[in-house]
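A.B. asks: Just entry-v2.txt, nothing more (compact mmCIF, C-alpha atoms and all ligand atoms):
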```txt
# COMPACT_ATOMS: atom_id res chain seq x y z
CA MET A 186 87.82 -135.97 -76.27
CA SER A 187 87.22 -139.55 -75.18
CA PRO A 188 89.53 -141.12 -72.60
CA ALA A 189 92.53 -143.19 -73.67
CA PRO A 190 91.82 -146.90 -74.11
CA SER A 191 92.71 -148.95 -71.05
CA SER A 192 95.49 -150.75 -72.94
CA VAL A 193 97.47 -147.49 -73.00
CA PRO A 194 99.53 -147.13 -69.83
CA SER A 195 99.12 -143.73 -68.25
CA ALA A 196 102.53 -142.17 -67.75
CA PRO A 197 103.05 -140.31 -64.47
CA ALA A 198 103.92 -136.65 -64.95
CA GLN A 199 103.35 -135.90 -68.61
CA GLN A 200 105.28 -132.72 -69.00
CA ILE A 201 107.12 -131.38 -71.97
CA PRO A 202 110.75 -130.92 -70.84
CA LEU A 203 112.04 -127.42 -70.17
CA ILE A 204 115.74 -126.93 -70.85
CA ASP A 205 117.86 -124.03 -69.67
CA LEU A 206 120.45 -123.09 -72.28
CA SER A 207 122.61 -121.38 -69.67
CA LEU A 208 123.52 -124.74 -68.09
CA PRO A 209 126.93 -126.34 -68.73
CA PRO A 210 127.12 -127.77 -72.29
CA LEU A 211 127.26 -131.38 -71.15
CA GLN A 212 124.00 -131.02 -69.22
CA ILE A 213 122.34 -129.25 -72.13
CA ARG A 214 123.43 -132.00 -74.51
CA ARG A 215 122.04 -134.75 -72.29
CA ALA A 216 118.77 -132.89 -71.76
CA ILE A 217 118.28 -132.17 -75.48
CA GLN A 218 119.19 -135.70 -76.51
CA SER A 219 116.70 -137.23 -74.15
CA ALA A 220 113.95 -134.69 -74.90
CA CYS A 221 114.34 -135.37 -78.64
CA LYS A 222 114.32 -139.11 -78.11
CA ASP A 223 111.31 -139.24 -75.79
CA TRP A 224 109.17 -136.26 -76.73
CA GLY A 225 110.42 -134.59 -79.88
CA PHE A 226 109.28 -131.39 -78.11
CA PHE A 227 110.93 -129.20 -75.50
CA TYR A 228 110.93 -125.62 -74.22
CA LEU A 229 114.15 -123.62 -74.21
CA THR A 230 114.86 -120.84 -71.74
CA ASN A 231 117.83 -118.48 -71.75
CA HIS A 232 117.96 -119.02 -75.49
CA GLY A 233 119.38 -115.60 -76.31
CA LEU A 234 116.46 -114.23 -78.37
CA PRO A 235 115.74 -110.90 -76.63
CA ALA A 236 112.31 -110.53 -74.99
CA ALA A 237 112.05 -107.09 -76.63
CA SER A 238 112.32 -108.69 -80.09
CA VAL A 239 109.60 -111.20 -79.30
CA HIS A 240 107.43 -108.35 -78.02
CA LYS A 241 108.00 -106.48 -81.28
CA LEU A 242 107.18 -109.63 -83.21
CA TRP A 243 103.69 -109.64 -81.67
CA GLU A 244 103.19 -105.98 -82.44
CA VAL A 245 104.09 -106.59 -86.08
CA THR A 246 102.00 -109.78 -86.28
CA ARG A 247 98.85 -108.23 -84.80
CA THR A 248 99.16 -105.11 -86.93
CA PHE A 249 99.71 -107.14 -90.07
CA PHE A 250 96.70 -109.41 -89.62
CA ALA A 251 94.44 -106.44 -88.82
CA LEU A 252 95.13 -104.97 -92.28
CA PRO A 253 92.62 -105.29 -95.11
CA LEU A 254 92.89 -108.51 -97.11
CA GLU A 255 94.28 -106.76 -100.22
CA GLU A 256 97.21 -105.41 -98.24
CA LYS A 257 98.01 -108.78 -96.68
CA ALA A 258 97.62 -110.58 -99.97
CA ALA A 259 100.24 -108.32 -101.54
CA ALA A 260 102.73 -111.03 -100.52
CA GLY A 261 101.15 -113.18 -103.21
CA PRO A 262 99.31 -116.43 -102.52
CA TRP A 263 101.17 -119.21 -100.81
CA ASN A 264 103.55 -120.78 -103.27
CA GLY A 265 104.53 -124.34 -102.51
CA ALA A 266 107.65 -124.27 -104.67
CA GLU A 267 109.10 -121.45 -102.59
CA ASN A 268 107.24 -122.23 -99.38
CA ALA A 269 106.21 -118.58 -99.00
CA GLY A 270 103.20 -116.32 -99.44
CA TYR A 271 99.93 -115.42 -97.75
CA ARG A 272 97.27 -118.03 -97.12
CA PRO A 273 93.89 -116.99 -95.79
CA VAL A 274 91.57 -119.25 -93.80
CA LEU A 275 90.39 -122.40 -95.57
CA PRO A 276 86.71 -122.78 -94.81
CA LYS A 277 85.91 -125.82 -96.92
CA VAL A 278 88.33 -128.61 -96.40
CA PRO A 279 87.70 -132.12 -95.18
CA LYS A 280 87.09 -132.47 -91.46
CA GLU A 281 90.47 -133.48 -90.12
CA GLN A 282 92.30 -130.91 -92.20
CA PHE A 283 90.04 -128.03 -91.27
CA ASP A 284 92.10 -125.01 -90.48
CA THR A 285 90.98 -121.87 -88.69
CA ARG A 286 94.14 -119.89 -89.21
CA LYS A 287 95.48 -117.45 -91.68
CA TRP A 288 99.17 -117.32 -92.13
CA LEU A 289 101.89 -115.54 -93.87
CA ALA A 290 105.30 -116.88 -94.62
CA PRO A 291 107.13 -113.68 -95.49
CA PRO A 292 109.57 -114.39 -98.31
CA LEU A 293 112.54 -113.33 -96.24
CA ALA A 294 115.90 -114.85 -96.79
CA GLY A 295 119.51 -114.18 -97.36
CA VAL A 296 119.10 -115.90 -100.69
CA GLU A 297 118.38 -113.75 -103.73
CA ALA A 298 116.17 -116.28 -105.49
CA TYR A 299 113.53 -116.03 -102.79
CA GLN A 300 113.41 -112.27 -102.47
CA GLN A 301 109.88 -111.28 -103.37
CA PRO A 302 108.24 -107.98 -102.50
CA LEU A 303 106.56 -107.97 -99.09
CA PRO A 304 103.27 -106.27 -98.29
CA PRO A 305 104.16 -102.60 -97.60
CA TYR A 306 103.67 -102.87 -93.84
CA LEU A 307 106.05 -105.81 -93.60
CA GLU A 308 108.49 -104.14 -95.98
CA GLU A 309 108.80 -101.41 -93.34
CA ASN A 310 109.70 -104.16 -90.87
CA ARG A 311 111.84 -106.25 -93.19
CA ALA A 312 115.12 -105.55 -91.40
CA PHE A 313 113.60 -106.61 -88.08
CA LEU A 314 111.97 -109.77 -89.47
CA ASP A 315 115.10 -110.77 -91.36
CA ALA A 316 117.26 -110.34 -88.27
CA PHE A 317 114.81 -112.28 -86.12
CA LYS A 318 114.67 -115.10 -88.62
CA ARG A 319 118.45 -115.26 -88.80
CA GLU A 320 118.69 -115.49 -84.99
CA CYS A 321 116.14 -118.31 -84.99
CA ALA A 322 118.20 -120.17 -87.58
CA ALA A 323 121.34 -119.82 -85.46
CA LEU A 324 119.49 -121.11 -82.40
CA GLY A 325 118.14 -124.07 -84.38
CA VAL A 326 121.60 -124.99 -85.65
CA ARG A 327 122.96 -124.75 -82.10
CA VAL A 328 120.30 -127.22 -80.96
CA LEU A 329 121.14 -129.63 -83.80
CA GLY A 330 124.77 -129.47 -82.69
CA TYR A 331 123.81 -131.04 -79.35
CA LEU A 332 122.51 -134.10 -81.22
CA GLU A 333 125.67 -134.77 -83.24
CA GLU A 334 127.62 -136.80 -80.73
CA GLY A 335 124.70 -139.08 -79.92
CA LEU A 336 124.15 -139.74 -83.62
CA GLY A 337 127.81 -140.58 -84.16
CA VAL A 338 128.65 -137.73 -86.53
CA GLU A 339 131.44 -135.20 -86.27
CA GLU A 340 131.00 -131.81 -84.69
CA GLY A 341 129.53 -129.36 -87.19
CA TYR A 342 127.89 -132.06 -89.34
CA PHE A 343 124.45 -130.45 -89.16
CA ALA A 344 125.79 -126.88 -89.29
CA GLN A 345 127.40 -127.85 -92.63
CA ARG A 346 124.00 -128.90 -93.92
CA HIS A 347 122.06 -125.90 -92.58
CA LYS A 348 124.08 -122.94 -93.79
CA TYR A 349 121.98 -119.81 -93.63
CA GLU A 350 123.48 -118.29 -96.76
CA GLU A 351 122.79 -121.33 -98.91
CA PRO A 352 119.38 -121.98 -100.46
CA SER A 353 116.99 -123.89 -98.26
CA MET A 354 113.23 -124.14 -97.91
CA ASP A 355 113.37 -122.66 -94.43
CA ASN A 356 110.57 -120.27 -93.61
CA PHE A 357 109.30 -118.00 -90.95
CA GLU A 358 105.54 -117.89 -90.55
CA LEU A 359 103.27 -115.47 -88.80
CA MET A 360 99.95 -117.06 -87.88
CA HIS A 361 96.56 -115.78 -86.83
CA TYR A 362 93.86 -118.19 -85.72
CA ILE A 363 90.43 -116.63 -85.86
CA PRO A 364 88.09 -117.32 -82.91
CA TYR A 365 86.32 -120.65 -82.98
CA THR A 366 82.88 -120.02 -84.44
CA PRO A 367 79.65 -122.02 -83.96
CA GLU A 368 80.21 -123.25 -87.53
CA TYR A 369 83.50 -124.84 -86.50
CA ALA A 370 81.90 -126.23 -83.34
CA GLU A 371 79.19 -127.85 -85.43
CA LYS A 372 81.83 -129.51 -87.58
CA ASP A 373 83.78 -130.45 -84.44
CA VAL A 374 87.12 -129.63 -86.03
CA PHE A 375 90.51 -128.84 -84.59
CA ARG A 376 91.83 -125.34 -85.05
CA LEU A 377 94.73 -126.98 -86.83
CA GLY A 378 94.65 -130.66 -87.73
CA ALA A 379 97.15 -133.20 -86.40
CA HIS A 380 100.42 -133.28 -88.32
CA THR A 381 104.15 -133.63 -88.05
CA ASP A 382 106.46 -130.89 -89.33
CA TRP A 383 108.54 -131.52 -92.42
CA GLY A 384 111.89 -129.89 -91.80
CA SER A 385 114.72 -130.33 -89.30
CA LEU A 386 113.41 -128.35 -86.33
CA THR A 387 110.59 -125.90 -85.65
CA LEU A 388 110.90 -123.01 -83.21
CA LEU A 389 107.43 -121.99 -82.09
CA PHE A 390 106.44 -118.77 -80.39
CA GLN A 391 102.92 -118.65 -78.90
CA GLU A 392 101.78 -115.14 -78.01
CA SER A 393 99.25 -115.43 -75.18
CA GLN A 394 96.57 -117.92 -76.15
CA PRO A 395 97.40 -121.57 -75.61
CA GLY A 396 95.95 -124.31 -77.79
CA LEU A 397 98.83 -126.45 -78.99
CA GLN A 398 98.47 -130.12 -78.09
CA VAL A 399 101.21 -132.72 -78.36
CA ARG A 400 101.07 -136.48 -78.62
CA PRO A 401 102.91 -137.73 -75.51
CA PRO A 402 105.66 -140.40 -75.48
CA THR A 403 103.13 -142.87 -74.05
CA TYR A 404 102.23 -143.71 -77.63
CA ASP A 405 104.52 -145.74 -79.82
CA HIS A 406 105.93 -143.38 -82.38
CA ALA A 407 105.61 -145.94 -85.14
CA SER A 408 101.82 -146.02 -84.77
CA LEU A 409 99.47 -143.52 -86.36
CA PRO A 410 97.43 -141.46 -83.91
CA THR A 411 93.82 -142.44 -83.29
CA ALA A 412 90.87 -140.35 -82.14
CA SER A 413 90.77 -142.01 -78.72
CA GLU A 414 94.24 -140.87 -77.65
CA THR A 415 94.79 -138.33 -74.89
CA TRP A 416 97.20 -135.62 -75.94
CA ILE A 417 98.70 -133.06 -73.64
CA ASP A 418 98.56 -129.28 -73.72
CA ALA A 419 101.70 -127.30 -74.50
CA PRO A 420 101.08 -124.16 -72.45
CA VAL A 421 102.44 -120.72 -73.22
CA VAL A 422 105.63 -120.50 -71.15
CA GLN A 423 106.76 -116.92 -70.64
CA ASP A 424 110.03 -116.12 -72.46
CA ALA A 425 110.52 -119.71 -73.61
CA VAL A 426 110.74 -120.98 -77.17
CA LEU A 427 109.04 -124.28 -77.90
CA VAL A 428 111.16 -126.48 -80.15
CA ASN A 429 110.06 -129.59 -82.00
CA VAL A 430 111.84 -132.07 -84.19
CA GLY A 431 110.64 -132.41 -87.80
CA ASP A 432 110.54 -135.29 -90.24
CA ALA A 433 113.92 -134.52 -91.84
CA MET A 434 115.76 -135.05 -88.53
CA HIS A 435 113.57 -138.01 -87.68
CA ILE A 436 114.63 -139.68 -90.92
CA TRP A 437 118.29 -138.63 -90.61
CA SER A 438 118.41 -140.10 -87.10
CA GLY A 439 116.88 -143.39 -88.25
CA GLY A 440 113.88 -142.68 -86.03
CA SER A 441 115.87 -142.19 -82.83
CA VAL A 442 114.61 -138.62 -82.47
CA ARG A 443 110.86 -138.20 -82.71
CA SER A 444 108.97 -136.01 -85.13
CA THR A 445 105.96 -135.80 -82.88
CA TRP A 446 102.35 -135.33 -83.94
CA HIS A 447 100.74 -132.11 -82.76
CA ARG A 448 97.61 -130.06 -83.42
CA VAL A 449 95.72 -127.02 -82.15
CA SER A 450 92.75 -127.79 -79.90
CA LYS A 451 89.08 -127.21 -80.60
CA GLY A 452 87.46 -124.10 -79.16
CA GLY A 453 88.87 -120.74 -78.09
CA GLU A 454 86.96 -117.49 -78.15
CA SER A 455 89.96 -115.25 -78.70
CA ASP A 456 92.13 -114.62 -81.68
CA ARG A 457 95.33 -116.60 -81.34
CA TYR A 458 98.70 -115.41 -82.67
CA CYS A 459 101.77 -117.55 -83.21
CA ALA A 460 104.99 -117.41 -85.14
CA ALA A 461 107.18 -120.30 -86.19
CA TYR A 462 110.59 -120.64 -87.74
CA PHE A 463 110.91 -123.85 -89.72
CA LEU A 464 114.56 -124.82 -90.06
CA HIS A 465 115.18 -126.93 -93.16
CA PRO A 466 118.39 -128.44 -94.49
CA ASN A 467 120.03 -126.72 -97.44
CA GLU A 468 118.28 -127.70 -100.63
CA ARG A 469 121.10 -129.86 -101.93
CA SER A 470 121.76 -131.62 -98.62
CA VAL A 471 120.97 -135.27 -98.91
CA ILE A 472 118.65 -136.69 -96.27
CA ASP A 473 119.16 -140.35 -95.52
CA PRO A 474 119.37 -142.34 -92.28
CA LEU A 475 122.90 -141.99 -90.92
CA PRO A 476 124.96 -145.20 -91.09
CA THR A 477 124.98 -145.22 -87.28
CA ALA A 478 121.21 -144.97 -87.16
CA THR A 479 119.67 -146.86 -90.06
CA SER A 480 116.53 -148.68 -89.06
CA SER A 481 114.12 -150.80 -91.06
CA TYR A 482 111.21 -148.87 -89.56
CA ILE A 483 112.38 -145.67 -91.20
CA ARG A 484 113.14 -147.36 -94.53
CA GLU A 485 109.63 -148.79 -94.64
CA LYS A 486 107.83 -145.69 -93.44
CA TYR A 487 109.76 -143.27 -95.64
CA PRO A 488 110.53 -144.98 -98.93
CA GLY A 489 112.44 -143.13 -101.61
CA PHE A 490 115.36 -141.90 -99.50
CA PRO A 491 118.12 -140.78 -100.02
CA LYS A 492 116.55 -137.58 -101.28
CA THR A 493 117.70 -134.00 -101.41
CA ALA A 494 116.05 -131.73 -98.88
CA LYS A 495 114.46 -129.84 -101.78
CA GLN A 496 112.90 -133.01 -103.17
CA HIS A 497 111.72 -134.05 -99.71
CA LEU A 498 109.91 -130.77 -99.17
CA HIS A 499 108.42 -130.66 -102.67
CA ASP A 500 107.06 -134.18 -102.17
CA ARG A 501 105.48 -133.21 -98.85
CA VAL A 502 104.00 -130.00 -100.28
CA ARG A 503 102.54 -131.94 -103.20
CA GLU A 504 100.90 -134.44 -100.85
CA ALA A 505 99.45 -131.64 -98.73
CA VAL A 506 98.13 -129.75 -101.74
CA GLN A 507 96.50 -132.92 -103.08
CA GLN A 508 94.72 -133.38 -99.77
CA GLN A 509 93.41 -129.83 -99.84
CA ASN A 510 92.58 -129.43 -103.50
CA SER A 511 88.89 -129.04 -102.80
CA ALA A 512 89.53 -126.06 -100.55
CA LEU A 513 88.01 -122.68 -101.22
CA TYR A 514 90.39 -119.95 -100.15
CA VAL A 515 88.81 -116.80 -98.69
CA GLY A 516 90.13 -113.98 -96.49
O1 LIG A 601 99.80 -122.85 -83.84
C1 LIG A 601 100.56 -123.63 -83.27
O2 LIG A 601 100.71 -123.60 -82.04
C2 LIG A 601 101.30 -124.69 -84.04
C3 LIG A 601 101.45 -124.44 -85.50
C4 LIG A 601 102.06 -125.60 -86.19
O3 LIG A 601 102.14 -126.67 -85.66
C5 LIG A 601 102.61 -125.48 -87.56
O4 LIG A 601 102.43 -124.41 -88.19
O5 LIG A 601 103.24 -126.42 -88.04
FE FE A 602 103.46 -127.99 -86.79
```
Could I get this structure in the form of structure tokens?

C.D. replies:
Amino acid sequence: MSPAPSSVPSAPAQQIPLIDLSLPPLQIRRAIQSACKDWGFFYLTNHGLPAASVHKLWEVTRTFFALPLEEKAAAGPWNGAENAGYRPVLPKVPKEQFDTRKWLAPPLAGVEAYQQPLPPYLEENRAFLDAFKRECAALGVRVLGYLEEGLGVEEGYFAQRHKYEEPSMDNFELMHYIPYTPEYAEKDVFRLGAHTDWGSLTLLFQESQPGLQVRPPTYDHASLPTASETWIDAPVVQDAVLVNVGDAMHIWSGGSVRSTWHRVSKGGESDRYCAAYFLHPNERSVIDPLPTATSSYIREKYPGFPKTAKQHLHDRVREAVQQQNSALYVG
């Protein structure tokens, strides 16, 4: 990657914050507020998700992706309306959107409408995956709670809008990035193109292979990234969960918390496994900048709000599908 232009000040230690959830609540709140404001990304330790569950998650993920395509595809193709299904690698998409991963968003949920059959191997592990997803949701809602005071809303405001038992477009994805081939190198593509996430928060688990890169706070959040920027690596931190803010919270907060651009770097000879829980507001929750946080920047950048969370996600899915409509899906 080329160096950053000289007009960009180089910040001293560019490190994604690491926050210990066993600290006193006041310290946690301050740390989370400032990490969300500056970075939109932070690691959490002592988060309460047992290491044994994360270990099992990798066992399930690796076993699943090693299955023949027909068995994986039994989840059905990815379905934007329900934000679930299996999506194999996309070999023919425009450069910046090139994607070297396969992923599965198992249609797990406490909500009947989204209960689809899982591939048999995952069906055997449904209870585990469901429980893990539920724990991720609880952790995500706890994190949102630390932002309430700073945004001038009452305690429980975000919990009310992220009830696990109510319909939402939340999803839990298992991801497998295939090794970077000479074909990818020739096209000079990222393993996953730069993007922001769409929901409230994402909880990311990286197994052993790093690759995630994050746009640092050095860059003005209102500007679109350019190819000459220097992004920083988000290493695999043992037993930590990496959390990032998504567009829904960015909009709700009037831009005061960042929904930071990220991508997966070029290269890598090994398979790479990840899992992510995407916390979304309940479908009928209305997303709109809070009265305490309304900014003209957000109104201009995200026209059309207020919107329900369901509408917000459907709009984003439609945009993404339009960008990829020339893709050829193979296993
Ligand atoms: O693979 C990763 O590390 C990140 C994945 C990601 O950003 C996403 O699925 O939105
Ligand atoms: Fe992402």

A.B. asks: Wanna dump the chain A-ligand LIG 601 (chain A) contacts at 8 Å for me, each residue with its shortest atom pair and the distance in Å to one decimal, counting all atoms listed in the file, ordered by chain and number, as a tab-separated table?

C.D. replies:
```
residue	atom	partner	partner_atom	distance
A:Glu358	CA	A:LIG601	O4	7.6
A:Met360	CA	A:LIG601	O1	7.1
A:Tyr362	CA	A:LIG601	O1	7.8
A:Leu377	CA	A:LIG601	O1	7.2
A:His380	CA	A:LIG601	O3	7.3
A:Thr381	CA	A:LIG601	O5	7.3
A:Asp382	CA	A:LIG601	O5	5.7
A:Thr387	CA	A:LIG601	O5	7.7
A:Leu389	CA	A:LIG601	O2	6.9
A:Phe390	CA	A:LIG601	O2	7.7
A:Gln391	CA	A:LIG601	O2	6.3
A:Pro395	CA	A:LIG601	O2	7.5
A:Gly396	CA	A:LIG601	O2	6.4
A:Leu397	CA	A:LIG601	O2	4.6
A:Gln398	CA	A:LIG601	O2	7.9
A:His447	CA	A:LIG601	O3	6.3
A:Arg448	CA	A:LIG601	O3	6.1
A:Val449	CA	A:LIG601	C1	6.0
A:Tyr458	CA	A:LIG601	O1	7.6
A:Cys459	CA	A:LIG601	O1	5.7
A:Ala460	CA	A:LIG601	O1	7.6
A:Ala461	CA	A:LIG601	O4	6.6
```

A.B. asks: Using only C-alpha atoms, which of A:Trp224, A:Tyr404, A:Trp383, A:Tyr306 sits nearest Phe463 (chain A)?

C.D. replies: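 Among the listed residues, the smallest separation from Phe463 (chain A) belongs to A:Trp383.
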
A.B. asks: Edge lengths and centre in Å to one decimal, as JSON, of the axis-aligned box that encloses all listed atoms of region 381-396 of chain A with 3 Å added on every side?

C.D. replies:
```
{"center_x": 105.3, "center_y": -124.4, "center_z": -83.8, "size_x": 24.8, "size_y": 24.5, "size_z": 23.2}
```

A.B. asks: Between CA of Leu242 (chain A) and CA of Phe317 (chain A), measure the distance and give it in Å to one decimal.

C.D. replies: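 These two atoms are separated by 8.6 Å.
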
A.B. asks: Go through A:Gly225, A:Pro474, A:Gly439, A:Pro352 one by one, measure the shortest atom-to-atom distance of each to ligand FE 602 (chain A) using only C-alpha atoms and all ligand atoms, and give the residue with the smallest value.

C.D. replies: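 Using only C-alpha atoms and all ligand atoms, ligand FE 602 (chain A) sits closest to A:Gly225.
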
A.B. asks: Which is closer to Val430 (chain A) than all the others in A:Arg503, A:Arg376, A:His361, A:His465, using all atoms listed in the file?

C.D. replies: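 Ranked by minimum distance to Val430 (chain A), first place goes to A:His465.
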
A.B. asks: Under the rule that only C-alpha atoms are counted, which of A:Leu314, A:Val442, A:Ala379, A:Leu336 is the nearest residue to Val239 (chain A)?

C.D. replies: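 Smallest distance to Val239 (chain A) is found for A:Leu314.
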
A.B. asks: Dig up all the protein and nucleic acid residues within 9 Å of (125.2, -133.2, -90.8) in the file frame, using only C-alpha atoms, and format them as a ChimeraX atom specification.

C.D. replies: /A:329-330,333,338-347,437,470

A.B. asks: Rounded to one decimal, what separation in Å do you get between CA of Glu504 (chain A) and CA of Ser480 (chain A)?

C.D. replies: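 The value is 24.2 Å.
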
A.B. asks: Output requested as a PDB file, in the frame of the given file - region 203-229 of chain A, filled out with N, CA and C atoms.

C.D. replies:
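Now in rebuild.pdb:
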```pdb
ATOM      1  N   LEU A 203     111.632-128.820 -70.071  1.00  0.00           N
ATOM      2  CA  LEU A 203     112.040-127.420 -70.170  1.00  0.00           C
ATOM      3  C   LEU A 203     113.557-127.388 -69.947  1.00  0.00           C
ATOM      4  N   ILE A 204     114.273-126.858 -70.896  1.00  0.00           N
ATOM      5  CA  ILE A 204     115.740-126.930 -70.850  1.00  0.00           C
ATOM      6  C   ILE A 204     116.335-125.523 -70.823  1.00  0.00           C
ATOM      7  N   ASP A 205     117.249-125.346 -69.869  1.00  0.00           N
ATOM      8  CA  ASP A 205     117.860-124.030 -69.670  1.00  0.00           C
ATOM      9  C   ASP A 205     119.189-123.991 -70.440  1.00  0.00           C
ATOM     10  N   LEU A 206     119.245-123.126 -71.440  1.00  0.00           N
ATOM     11  CA  LEU A 206     120.450-123.090 -72.280  1.00  0.00           C
ATOM     12  C   LEU A 206     121.623-122.372 -71.617  1.00  0.00           C
ATOM     13  N   SER A 207     121.446-121.956 -70.346  1.00  0.00           N
ATOM     14  CA  SER A 207     122.610-121.380 -69.670  1.00  0.00           C
ATOM     15  C   SER A 207     123.325-122.432 -68.813  1.00  0.00           C
ATOM     16  N   LEU A 208     122.856-123.660 -68.853  1.00  0.00           N
ATOM     17  CA  LEU A 208     123.520-124.740 -68.090  1.00  0.00           C
ATOM     18  C   LEU A 208     124.844-125.111 -68.763  1.00  0.00           C
ATOM     19  N   PRO A 209     125.701-125.873 -68.085  1.00  0.00           N
ATOM     20  CA  PRO A 209     126.930-126.340 -68.730  1.00  0.00           C
ATOM     21  C   PRO A 209     126.590-127.198 -69.966  1.00  0.00           C
ATOM     22  N   PRO A 210     127.431-127.102 -71.027  1.00  0.00           N
ATOM     23  CA  PRO A 210     127.120-127.770 -72.290  1.00  0.00           C
ATOM     24  C   PRO A 210     126.802-129.265 -72.161  1.00  0.00           C
ATOM     25  N   LEU A 211     127.508-129.946 -71.279  1.00  0.00           N
ATOM     26  CA  LEU A 211     127.260-131.380 -71.150  1.00  0.00           C
ATOM     27  C   LEU A 211     125.827-131.655 -70.672  1.00  0.00           C
ATOM     28  N   GLN A 212     125.382-130.849 -69.736  1.00  0.00           N
ATOM     29  CA  GLN A 212     124.000-131.020 -69.220  1.00  0.00           C
ATOM     30  C   GLN A 212     122.970-130.680 -70.299  1.00  0.00           C
ATOM     31  N   ILE A 213     123.284-129.632 -71.059  1.00  0.00           N
ATOM     32  CA  ILE A 213     122.340-129.250 -72.130  1.00  0.00           C
ATOM     33  C   ILE A 213     122.249-130.397 -73.128  1.00  0.00           C
ATOM     34  N   ARG A 214     123.427-130.939 -73.483  1.00  0.00           N
ATOM     35  CA  ARG A 214     123.430-132.000 -74.510  1.00  0.00           C
ATOM     36  C   ARG A 214     122.596-133.202 -74.049  1.00  0.00           C
ATOM     37  N   ARG A 215     122.807-133.588 -72.796  1.00  0.00           N
ATOM     38  CA  ARG A 215     122.040-134.750 -72.290  1.00  0.00           C
ATOM     39  C   ARG A 215     120.546-134.454 -72.305  1.00  0.00           C
ATOM     40  N   ALA A 216     120.194-133.244 -71.863  1.00  0.00           N
ATOM     41  CA  ALA A 216     118.770-132.890 -71.760  1.00  0.00           C
ATOM     42  C   ALA A 216     118.141-132.856 -73.160  1.00  0.00           C
ATOM     43  N   ILE A 217     118.856-132.274 -74.124  1.00  0.00           N
ATOM     44  CA  ILE A 217     118.280-132.170 -75.480  1.00  0.00           C
ATOM     45  C   ILE A 217     118.193-133.544 -76.119  1.00  0.00           C
ATOM     46  N   GLN A 218     119.237-134.346 -75.926  1.00  0.00           N
ATOM     47  CA  GLN A 218     119.190-135.700 -76.510  1.00  0.00           C
ATOM     48  C   GLN A 218     117.988-136.462 -75.964  1.00  0.00           C
ATOM     49  N   SER A 219     117.792-136.399 -74.655  1.00  0.00           N
ATOM     50  CA  SER A 219     116.700-137.230 -74.150  1.00  0.00           C
ATOM     51  C   SER A 219     115.339-136.635 -74.477  1.00  0.00           C
ATOM     52  N   ALA A 220     115.235-135.296 -74.516  1.00  0.00           N
ATOM     53  CA  ALA A 220     113.950-134.690 -74.900  1.00  0.00           C
ATOM     54  C   ALA A 220     113.604-135.045 -76.348  1.00  0.00           C
ATOM     55  N   CYS A 221     114.607-135.053 -77.224  1.00  0.00           N
ATOM     56  CA  CYS A 221     114.340-135.370 -78.640  1.00  0.00           C
ATOM     57  C   CYS A 221     113.966-136.838 -78.815  1.00  0.00           C
ATOM     58  N   LYS A 222     114.583-137.676 -78.008  1.00  0.00           N
ATOM     59  CA  LYS A 222     114.320-139.110 -78.110  1.00  0.00           C
ATOM     60  C   LYS A 222     112.914-139.436 -77.576  1.00  0.00           C
ATOM     61  N   ASP A 223     112.579-138.863 -76.413  1.00  0.00           N
ATOM     62  CA  ASP A 223     111.310-139.240 -75.790  1.00  0.00           C
ATOM     63  C   ASP A 223     110.121-138.436 -76.326  1.00  0.00           C
ATOM     64  N   TRP A 224     110.303-137.132 -76.428  1.00  0.00           N
ATOM     65  CA  TRP A 224     109.170-136.260 -76.730  1.00  0.00           C
ATOM     66  C   TRP A 224     109.176-135.693 -78.146  1.00  0.00           C
ATOM     67  N   GLY A 225     110.353-135.350 -78.624  1.00  0.00           N
ATOM     68  CA  GLY A 225     110.420-134.590 -79.880  1.00  0.00           C
ATOM     69  C   GLY A 225     109.989-133.147 -79.681  1.00  0.00           C
ATOM     70  N   PHE A 226     109.721-132.753 -78.447  1.00  0.00           N
ATOM     71  CA  PHE A 226     109.280-131.390 -78.110  1.00  0.00           C
ATOM     72  C   PHE A 226     109.977-130.959 -76.832  1.00  0.00           C
ATOM     73  N   PHE A 227     110.384-129.721 -76.755  1.00  0.00           N
ATOM     74  CA  PHE A 227     110.930-129.200 -75.500  1.00  0.00           C
ATOM     75  C   PHE A 227     110.939-127.676 -75.535  1.00  0.00           C
ATOM     76  N   TYR A 228     110.822-127.075 -74.342  1.00  0.00           N
ATOM     77  CA  TYR A 228     110.930-125.620 -74.220  1.00  0.00           C
ATOM     78  C   TYR A 228     112.389-125.275 -73.970  1.00  0.00           C
ATOM     79  N   LEU A 229     112.804-124.129 -74.497  1.00  0.00           N
ATOM     80  CA  LEU A 229     114.150-123.620 -74.210  1.00  0.00           C
ATOM     81  C   LEU A 229     114.033-122.279 -73.493  1.00  0.00           C
TER      82      LEU A 229
END
```
